[in-house]
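Novice: To start, I am sharing the structure in question, which I have written as structure tokens.
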Amino acid sequence: ALEVRLASRPTGWPTEDNFEIVEVDIPTPADGQILVRNVVMSVDPYMRGRMNDVKSYVPPFQVGQPLEGGAVGEIVAVGSNVEGLAVGDNVLHGLGWREYAVLDAKHSVKVDPTIAPLSAYLGVLGMPGLTAYAGLLATAEFKPGDAVFVSGAAGAVGQLVGQIARLKGASRVIGSAGSPEKVKYLTEELGFDAAFNYKDGPVAEQLAAAAPNGIDVYFDNVGGEHLEAAIDSLNINGRITMCGAISQYNADKKPTGPSNMIQILAKRLTLRGMLVGDHKALQQQFVQEVGAWIASGELKYSETTIEGGARQAPAAFLGLLRGENTGKMLVQF
Ligand code: NDP
């Protein structure tokens, strides 16, 4: 069976050379373990951080070891003393980047393919979905009537942020993304009031034009120039959810900070960081509410699925960093 290992740590943009695809024996599940044949795996921006040898909220990947990340698969063997799981069940777990994963049963969550396709548990109903839900409603303390701006708006998290804001009564929803097709998708399919391509010109100017009455909430997936522009456009008592800063993940020199920080005090802004792992208490409410919107057709989502399993996983990850995805980026085995 194939697994993908970290061959070397990148500086700046990663390349295929940082990954190594290796043939390994299929493991046998020990006491309390399950063997899972992965069906679909996630590639996520945070994985870029784990390729660096720095202390963070998740430990770094190790050179010579397989990478890790969200995956959904089918149980093909069960060790002794495993309760509540059987061969044929589908589970969500943290050992992607490999065809077969062996893990403690308690580190998996059973998922139901009759409720939603397996891929949804990695996207709209999974970690990115909860990030959007909690980041908007809990971290930014969104309230009806707020004008909301989200960057990375055509991505897995961003698509949901904009739509949840619309469904919860935002006065205006604005998104930015990196291609004309994505911009069109946001306004014509997902119900954003306005959207712009950040590659077309200065973000501050494009945002000011899209939000003539300013914004009350900025959901930051990008950092850098976007963050500075949002601080310019935020109204008094505005809030920022600091969710990600993908424009800086591949930077090889220290990024410069926003030059307009003084406005934070003048406008009494709140900038609040968030990690999805802190919001498990919202999981049930999130699945119920977003699940109902999907069922009623009020909320749409897209996925970009790369076929070819482990061999194509590095290319899928590199494509994600370049913006080749609309919605959740996935690898199908
Ligand atoms: P996405 O599906 O949004 O994919 C990443 C997108 O980032 C690409 O499609 C690309 O779209 C965009 N991008 C890449 N480079 C740049 C750039 N220089 N400037 C602007 N946009 C860029 O990923 P996710 O939805 O999974 O994640 C979105 C953000 O949320 C990330 O920053 C991630 O780290 C963060 N996150 C944080 C979590 C937390 O707990 N705090 C949990 C999950 C995600 P485009 O074509 O528009 O450039």
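Following the order of the structure tokens, chains are lettered A, B, ..., residues in each are numbered from 1, and ligands are numbered from 1.
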Taking only C-alpha atoms and all ligand atoms into account, report as an MDAnalysis selection string which residues have an atom no farther than 8 Å from an atom of ligand 1.
Specialist: chainID A and resid 43:46 127:128 131 151:159 176:179 182 197:198 220:223 226 242:248 273:277 320:329
Novice: Among stretch 203-324 of chain A, which ones does DSSP place in helix (DSSP H, G or I), written as a PyMOL selection string?
Specialist: chain A and resi 203-210+225-233+246-248+262-266+276-296+309-322
Novice: For a quick check of understanding, using only C-alpha atoms, which of A:Val78, A:Ala134, A:Val39, A:Val111 has the smallest distance to A:Leu282?
Specialist: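 Closest to A:Leu282, using only C-alpha atoms: A:Ala134.
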Novice: At a cut-off of 12 Å, using only C-alpha atoms, what residues contact A:Gly49? Leave out same-chain residues fewer than 2 positions from it and give the result as an MDAnalysis selection string.
Specialist: chainID A and resid 9:14 44:47 51:61 244:246 248:251 321
Novice: So which residues touch A:Ile215 within 8 Å, counting only C-alpha atoms, skipping near sequence neighbours fewer than 6 positions away, as a ChimeraX atom specification?
Specialist: /A:146-149,230,233-235,238
Novice: Find the spatial neighbours of A:Gly169, counting only C-alpha atoms, within a cut-off of 10 Å - ignore same-chain residues fewer than 6 positions away - and output them as an NGL selection string.
Specialist: :A and (142-147 or 163)
Novice: Mind dumping a table of every stretch 8-71 of chain A residue within 10 Å of stretch 113-119 of chain A, with the nearest atom pair and its distance in Å to one decimal, using only C-alpha atoms, sorted by chain and rising number, as CSV?
Specialist:
```
residue,atom,partner,partner_atom,distance
A:Val39,CA,A:Leu118,CA,8.3
A:Val40,CA,A:Ser119,CA,6.5
A:Met41,CA,A:Ser119,CA,8.0
A:Ser42,CA,A:Ser119,CA,8.6
A:Ala71,CA,A:Ser119,CA,8.7
```
Novice: Write down as an MDAnalysis selection string the residues of stretch 2-56 of chain A whose backbone DSSP state falls under strand (DSSP E or B).
Specialist: chainID A and resid 2:6 19:23 33:42
Novice: Pick from A:Arg311, A:Lys106, A:Arg37, A:Arg239: nearest to A:Asn90, with only C-alpha atoms counted?
Specialist: A:Arg37
Novice: Could you name the residues that touch A:Leu125 at 8 Å or less, counting only C-alpha atoms, but leaving out those on the same chain fewer than 5 positions away, as a list in words?
Specialist: Ala120, Leu130, Val287, Val290 and Gly291 of chain A
Novice: For A:Thr241, list every protein, DNA or RNA residue within 10 Å, evaluated using only C-alpha atoms, and leave out those in the same chain fewer than 4 positions away; present the list as a list of chain:residue names.
Specialist: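 What passes the distance filter is A:Ala132, A:Ala134, A:Gly135, A:Leu136, A:Leu137, A:Ala138, A:Thr139, A:Ala140, A:Glu141, A:Val150, A:Val217, A:Tyr218, A:Phe219, A:Asp220, A:Asn221, A:Thr270, A:Leu271, A:Arg272, A:Gly273, A:Met274.
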Novice: Just write the chosen residues, N, CA and C atoms, as a compact mmCIF listing (two decimals), in the first residue's frame.
Specialist:
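Wrote part_9.txt, looks like this:
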```
# COMPACT_ATOMS: atom_id res chain seq x y z
N ALA A 132 -16.13 27.87 9.94
CA ALA A 132 -16.93 28.98 9.44
C ALA A 132 -18.04 29.35 10.42
N ALA A 134 -18.46 28.61 13.73
CA ALA A 134 -18.01 29.13 15.03
C ALA A 134 -17.28 30.47 14.86
N GLY A 135 -16.51 30.57 13.80
CA GLY A 135 -15.72 31.80 13.58
C GLY A 135 -16.61 33.01 13.32
N LEU A 136 -17.72 32.79 12.67
CA LEU A 136 -18.65 33.89 12.41
C LEU A 136 -19.54 34.16 13.63
N LEU A 137 -20.18 33.10 14.12
CA LEU A 137 -21.21 33.30 15.14
C LEU A 137 -20.63 33.49 16.54
N ALA A 138 -19.59 32.71 16.90
CA ALA A 138 -19.03 32.83 18.25
C ALA A 138 -17.89 33.86 18.26
N THR A 139 -16.91 33.70 17.41
CA THR A 139 -15.72 34.56 17.50
C THR A 139 -16.05 36.00 17.11
N ALA A 140 -16.72 36.19 15.97
CA ALA A 140 -17.05 37.56 15.53
C ALA A 140 -18.33 38.07 16.17
N GLU A 141 -19.03 37.20 16.88
CA GLU A 141 -20.31 37.58 17.51
C GLU A 141 -21.23 38.27 16.50
N VAL A 150 -15.67 38.58 3.79
CA VAL A 150 -14.84 37.39 4.00
C VAL A 150 -13.85 37.26 2.85
N VAL A 217 -18.11 43.23 10.19
CA VAL A 217 -17.36 42.01 10.50
C VAL A 217 -16.44 41.70 9.33
N TYR A 218 -15.19 41.38 9.66
CA TYR A 218 -14.26 40.85 8.64
C TYR A 218 -13.82 39.47 9.10
N PHE A 219 -14.02 38.46 8.25
CA PHE A 219 -13.58 37.10 8.53
C PHE A 219 -12.29 36.90 7.72
N ASP A 220 -11.17 36.88 8.42
CA ASP A 220 -9.87 36.89 7.74
C ASP A 220 -9.31 35.49 7.52
N ASN A 221 -9.24 35.09 6.27
CA ASN A 221 -8.59 33.84 5.90
C ASN A 221 -7.22 34.07 5.28
N THR A 270 -12.36 45.02 17.50
CA THR A 270 -11.93 43.81 18.19
C THR A 270 -11.35 42.84 17.17
N LEU A 271 -10.10 42.41 17.37
CA LEU A 271 -9.47 41.38 16.54
C LEU A 271 -9.32 40.15 17.42
N ARG A 272 -9.93 39.04 17.03
CA ARG A 272 -9.92 37.86 17.90
C ARG A 272 -9.50 36.62 17.11
N GLY A 273 -8.47 35.96 17.61
CA GLY A 273 -8.02 34.72 16.98
C GLY A 273 -8.95 33.57 17.33
N MET A 274 -9.01 32.56 16.43
CA MET A 274 -9.84 31.39 16.73
C MET A 274 -9.18 30.12 16.23
```
Novice: Go through A:Leu186, A:Ala313, A:Leu92, A:Val124 one by one, measure the shortest atom-to-atom distance of each to A:Glu3 using only C-alpha atoms, and give the residue with the smallest value.
Specialist: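 Of all the options, A:Ala313 lies closest to A:Glu3.
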